[in-house]
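Data file: my_file_11.cif. Format and content: mmCIF, C-alpha atoms.
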data_data
#
loop_
_atom_site.label_atom_id
_atom_site.label_comp_id
_atom_site.auth_asym_id
_atom_site.auth_seq_id
_atom_site.Cartn_x
_atom_site.Cartn_y
_atom_site.Cartn_z
CA MET A 265 -20.40 8.05 29.03
CA ASN A 266 -19.09 11.59 28.67
CA THR A 267 -16.27 11.57 31.24
CA LEU A 268 -13.59 9.13 32.36
CA HIS A 269 -11.25 9.66 35.34
CA PRO A 270 -7.84 8.00 34.83
CA SER A 271 -6.37 9.68 37.94
CA PRO A 272 -7.09 12.58 40.31
CA ASP A 273 -5.14 14.90 37.96
CA ILE A 274 -6.43 13.54 34.65
CA GLN A 275 -9.92 13.67 33.22
CA LEU A 276 -11.09 12.51 29.80
CA ARG A 277 -14.16 14.37 28.60
CA ILE A 278 -16.08 14.19 25.34
CA LEU A 279 -15.29 17.48 23.65
CA THR A 280 -18.10 19.71 22.39
CA LYS A 281 -18.26 22.63 20.01
CA ALA A 282 -17.80 24.90 23.04
CA ASP A 283 -14.21 23.58 23.34
CA ALA A 284 -13.27 24.67 19.81
CA ALA A 285 -11.30 27.82 20.66
CA THR A 286 -9.33 26.06 23.40
CA LEU A 287 -8.59 23.10 21.15
CA PHE A 288 -7.55 25.30 18.25
CA SER A 289 -5.20 27.27 20.51
CA LEU A 290 -3.61 24.05 21.80
CA VAL A 291 -3.13 22.71 18.27
CA ASP A 292 -1.75 26.04 17.05
CA GLN A 293 0.76 26.27 19.93
CA ASN A 294 1.97 22.71 19.24
CA ARG A 295 1.76 22.74 15.44
CA ALA A 296 5.49 22.32 14.77
CA TYR A 297 5.82 19.57 17.36
CA LEU A 298 2.71 17.62 16.24
CA ARG A 299 3.62 17.89 12.56
CA ARG A 300 6.27 15.20 12.95
CA TRP A 301 3.63 12.45 13.33
CA LEU A 302 0.20 13.90 12.46
CA GLY A 303 -0.91 14.63 8.92
CA TRP A 304 -4.08 16.63 9.56
CA LEU A 305 -2.57 19.89 10.83
CA ASP A 306 -2.88 21.74 7.52
CA LYS A 307 -6.65 21.12 7.68
CA THR A 308 -6.86 22.96 11.01
CA LYS A 309 -6.27 26.60 10.17
CA THR A 310 -9.08 28.35 12.06
CA ILE A 311 -11.33 27.97 15.07
CA ALA A 312 -14.11 27.13 12.61
CA ASP A 313 -12.09 24.09 11.51
CA SER A 314 -11.94 22.93 15.13
CA GLU A 315 -15.69 23.58 15.50
CA GLY A 316 -16.40 21.30 12.54
CA PHE A 317 -14.09 18.64 13.95
CA LEU A 318 -15.92 18.74 17.29
CA LYS A 319 -19.41 18.90 15.79
CA GLU A 320 -18.62 15.70 13.90
CA ALA A 321 -17.30 14.14 17.13
CA GLU A 322 -20.44 14.98 19.11
CA ALA A 323 -22.68 13.33 16.52
CA ALA A 324 -20.41 10.27 16.30
CA ALA A 325 -20.40 9.81 20.09
CA ILE A 326 -24.20 9.90 20.19
CA ALA A 327 -24.28 7.28 17.42
CA LYS A 328 -21.48 5.29 19.16
CA LYS A 329 -19.35 5.37 15.99
CA PHE A 330 -16.37 6.82 17.81
CA PHE A 331 -15.59 8.64 21.04
CA ARG A 332 -13.24 11.64 20.95
CA PHE A 333 -12.15 12.68 24.43
CA GLY A 334 -10.18 15.73 25.42
CA ILE A 335 -7.34 14.89 27.80
CA PHE A 336 -7.46 17.35 30.69
CA TYR A 337 -4.50 17.51 33.06
CA GLN A 338 -5.16 19.56 36.18
CA GLU A 339 -8.23 20.92 34.36
CA ILE A 340 -6.21 22.11 31.32
CA LEU A 341 -6.82 20.62 27.86
CA VAL A 342 -3.52 18.99 26.88
CA GLY A 343 -4.44 16.54 24.12
CA ILE A 344 -6.91 14.19 22.49
CA ILE A 345 -7.54 10.46 22.76
CA GLU A 346 -10.17 8.69 20.73
CA LEU A 347 -11.73 5.32 20.24
CA GLN A 348 -12.39 5.26 16.51
CA THR A 349 -13.49 2.92 13.73
CA ILE A 350 -15.68 1.05 16.20
CA ASP A 351 -16.96 -2.21 14.70
CA PHE A 352 -19.53 -3.72 17.05
CA THR A 353 -20.08 -6.72 14.78
CA ASN A 354 -16.47 -7.83 15.19
CA LYS A 355 -16.09 -6.16 18.61
CA LYS A 356 -13.02 -4.14 17.69
CA ALA A 357 -11.84 -0.55 17.37
CA GLN A 358 -8.76 1.59 16.87
CA VAL A 359 -7.27 4.18 19.18
CA GLY A 360 -5.59 7.44 18.27
CA TYR A 361 -4.08 10.07 20.55
CA TRP A 362 -1.79 13.06 20.76
CA LEU A 363 -0.45 15.17 23.60
CA ALA A 364 0.98 18.69 23.76
CA GLU A 365 4.75 18.78 23.92
CA ASP A 366 4.96 20.37 27.40
CA TYR A 367 3.00 17.47 28.92
CA GLN A 368 5.08 14.61 27.52
CA GLY A 369 6.80 12.23 29.94
CA LYS A 370 4.28 12.54 32.80
CA GLY A 371 2.44 9.26 32.16
CA ILE A 372 -0.66 11.13 30.98
CA VAL A 373 -1.13 9.14 27.78
CA THR A 374 -0.53 5.79 29.49
CA LEU A 375 -3.14 6.52 32.18
CA SER A 376 -5.56 7.96 29.62
CA LEU A 377 -5.20 4.95 27.34
CA LYS A 378 -5.72 2.58 30.26
CA ALA A 379 -8.99 4.36 31.12
CA LEU A 380 -10.06 4.22 27.48
CA LEU A 381 -9.27 0.50 27.34
CA ASP A 382 -11.35 -0.09 30.48
CA PHE A 383 -14.23 1.75 28.77
CA ALA A 384 -13.78 -0.20 25.52
CA PHE A 385 -13.55 -3.64 27.10
CA ASN A 386 -15.88 -3.25 30.09
CA THR A 387 -18.53 -0.77 28.94
CA LEU A 388 -18.64 -1.33 25.18
CA ALA A 389 -17.80 -5.06 25.42
CA LEU A 390 -15.18 -4.85 22.68
CA HIS A 391 -12.71 -7.68 22.21
CA ARG A 392 -9.80 -6.14 20.24
CA ILE A 393 -8.13 -2.74 20.15
CA GLU A 394 -5.55 -1.64 17.58
CA ILE A 395 -3.17 1.28 17.54
CA HIS A 396 -1.27 2.29 14.40
CA VAL A 397 2.01 3.95 15.30
CA ALA A 398 4.28 5.62 12.76
CA THR A 399 7.57 3.73 12.56
CA GLY A 400 10.07 5.72 14.59
CA ASN A 401 7.52 7.11 17.04
CA LYS A 402 9.18 5.46 20.02
CA SER A 403 7.09 7.29 22.63
CA SER A 404 3.85 5.86 21.27
CA ALA A 405 5.36 2.40 20.80
CA ASN A 406 6.48 2.48 24.45
CA VAL A 407 2.94 3.33 25.60
CA CYS A 408 1.69 0.29 23.68
CA LYS A 409 4.33 -1.94 25.27
CA ARG A 410 3.52 -0.71 28.80
CA LEU A 411 -0.13 -1.66 28.39
CA GLY A 412 0.48 -5.10 26.92
CA PHE A 413 -0.12 -4.46 23.23
CA VAL A 414 1.69 -6.78 20.82
CA GLN A 415 3.35 -5.49 17.66
CA GLU A 416 1.65 -7.49 14.94
CA GLY A 417 3.20 -6.15 11.77
CA THR A 418 3.98 -3.13 9.65
CA LEU A 419 1.78 -1.41 7.09
CA ARG A 420 4.20 -0.11 4.48
CA GLU A 421 3.74 3.46 3.25
CA ASN A 422 0.44 3.65 5.08
CA GLU A 423 0.14 7.42 5.51
CA TRP A 424 1.07 10.45 3.43
CA LEU A 425 2.72 12.88 5.85
CA TYR A 426 3.02 16.22 4.00
CA ASP A 427 5.85 15.26 1.63
CA HIS A 428 6.53 11.56 2.21
CA TYR A 429 4.93 8.27 3.13
CA VAL A 430 5.39 6.73 6.57
CA ASP A 431 5.06 3.12 7.61
CA HIS A 432 2.79 2.23 10.52
CA GLU A 433 3.44 -0.45 13.09
CA VAL A 434 0.20 -2.24 14.00
CA TRP A 435 -0.13 -2.87 17.73
CA GLY A 436 -2.99 -5.06 18.95
CA LEU A 437 -4.50 -5.94 22.29
CA VAL A 438 -7.23 -8.50 22.89
CA GLU A 439 -9.41 -8.51 25.96
CA GLU A 440 -7.90 -11.68 27.51
CA SER A 441 -4.40 -10.15 27.37
CA TYR A 442 -5.37 -6.87 28.99
CA ASN A 443 -3.99 -6.36 32.50
CA GLN A 444 -6.59 -4.25 34.19
#
Structure translated into C-alpha cells:
Amino acid sequence: MNTLHPSPDIQLRILTKADAATLFSLVDQNRAYLRRWLGWLDKTKTIADSEGFLKEAEAAAIAKKFFRFGIFYQEILVGIIELQTIDFTNKKAQVGYWLAEDYQGKGIVTLSLKALLDFAFNTLALHRIEIHVATGNKSSANVCKRLGFVQEGTLRENEWLYDHYVDHEVWGLVEESYNQ
C-alpha cells in the first residue's frame, strides 16, 4: 500500500527519491525546531542526503522491512511517519514521526498515527506497536495517550542527542487495546 487517507485534508504517501528536494527543504526550514528531539539532523546536509534516505526507504517498503510515509496536509509535505523495525515473527513494530513546527496542534499526527495503526493491525496483521518518546516530549506523549498507548517504562540514556543523552519513555499498544 503506497497511500493512506487519514482525513480529507491529510494523506500519507510512501516517499520516493523524487520527493528529496521537497523533503530536504522542509527539514532545512525546521532544523532548529526539530533539533530538540531528533538526532539525525546533522546527517542531512544536502538534497543528496535526502535522496539516499528516500532510496533506502523505497527498497525497505518493497521488502516490507519498514514503511516511511510523507505526511501531506492539504497536499503539502509537512512531516514523516514511519512503521519501522517490523518483526513479522513476533508481529510487532515501532513507529517514529515528526511534524513541521507550523503544523503542530492541528491533530495531524494523531490522525496520521491512527491511519498507520489501522494499516499495521489490519493489513499487516501485527499485534504490538511501540513508540519511544524522549522524556519531556509532552506533545508526543499526549498523542500516545490519545490513541490508547500505555507507558511501559523508561530506557535510561537511550539516545545521544548532539551533546547529551536522553531517556526514552516506551509506549506500547497491543491490538486488543486499540480503539479503532
> Please, what distance in Å, to one decimal, runs between CA of Arg420 in chain A and CA of Tyr361 in chain A?
Replying inline: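 Interatomic distance here is 20.7 Å.
Residues surrounding Gln338 in chain A within 12 Å are A:His269, A:Pro270, A:Ser271, A:Pro272, A:Asp273, A:Ile274, A:Gln275, A:Leu276, A:Ile335, A:Leu341, A:Val342, A:Tyr367, A:Ile372 [all atoms listed in the file; sequence separation below 3 positions excluded].
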Could you work out an axis-aligned box for range 427-437 of chain A, taking every atom the file lists and adding 8 Å on each side, and report centre and edge lengths in Å to one decimal, as JSON?
{"center_x": 1.0, "center_y": 4.7, "center_z": 12.0, "size_x": 27.0, "size_y": 37.2, "size_z": 36.7}
>> Running the PyMOL selection byres ((chain A and resi 327-331) around 6) on this model by hand, what would come out? Give it as a count of residues only.
In response: 8
> Exactly which residues make up the result of the PyMOL selection byres ((chain A and resi 312-319) around 12) on this file, given as a PyMOL selection string?
Replying inline: chain A and resi 278-292+304-311+320-326+330-334+344
>> Applying the PyMOL selection byres ((chain A and resi 395) around 10) to the file I just gave you, which residues come out? Please list them as a ChimeraX atom specification.
In response: /A:347,357-361,393-394,396-398,404-405,408,413-415,432-437
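Put simply, CA of Arg392 in chain A is 4.6 Å away from CA of Lys356 in chain A.
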> Using all atoms listed in the file, which residue out of A:Gly412, A:Thr267, A:Trp424, A:Leu363 lies closest to Phe383 in chain A?
Replying inline: A:Thr267
>> Please report the interatomic distance between CA of Tyr426 in chain A and CA of Gly343 in chain A in Å with one decimal.
In response: 21.5 Å
>> I need the residue nearest His428 in chain A from this list: A:Arg295, A:Thr387, A:Gly303, A:Asp366. Use all atoms listed in the file for the distance.
In response: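 Using all atoms listed in the file, His428 in chain A sits closest to A:Gly303.
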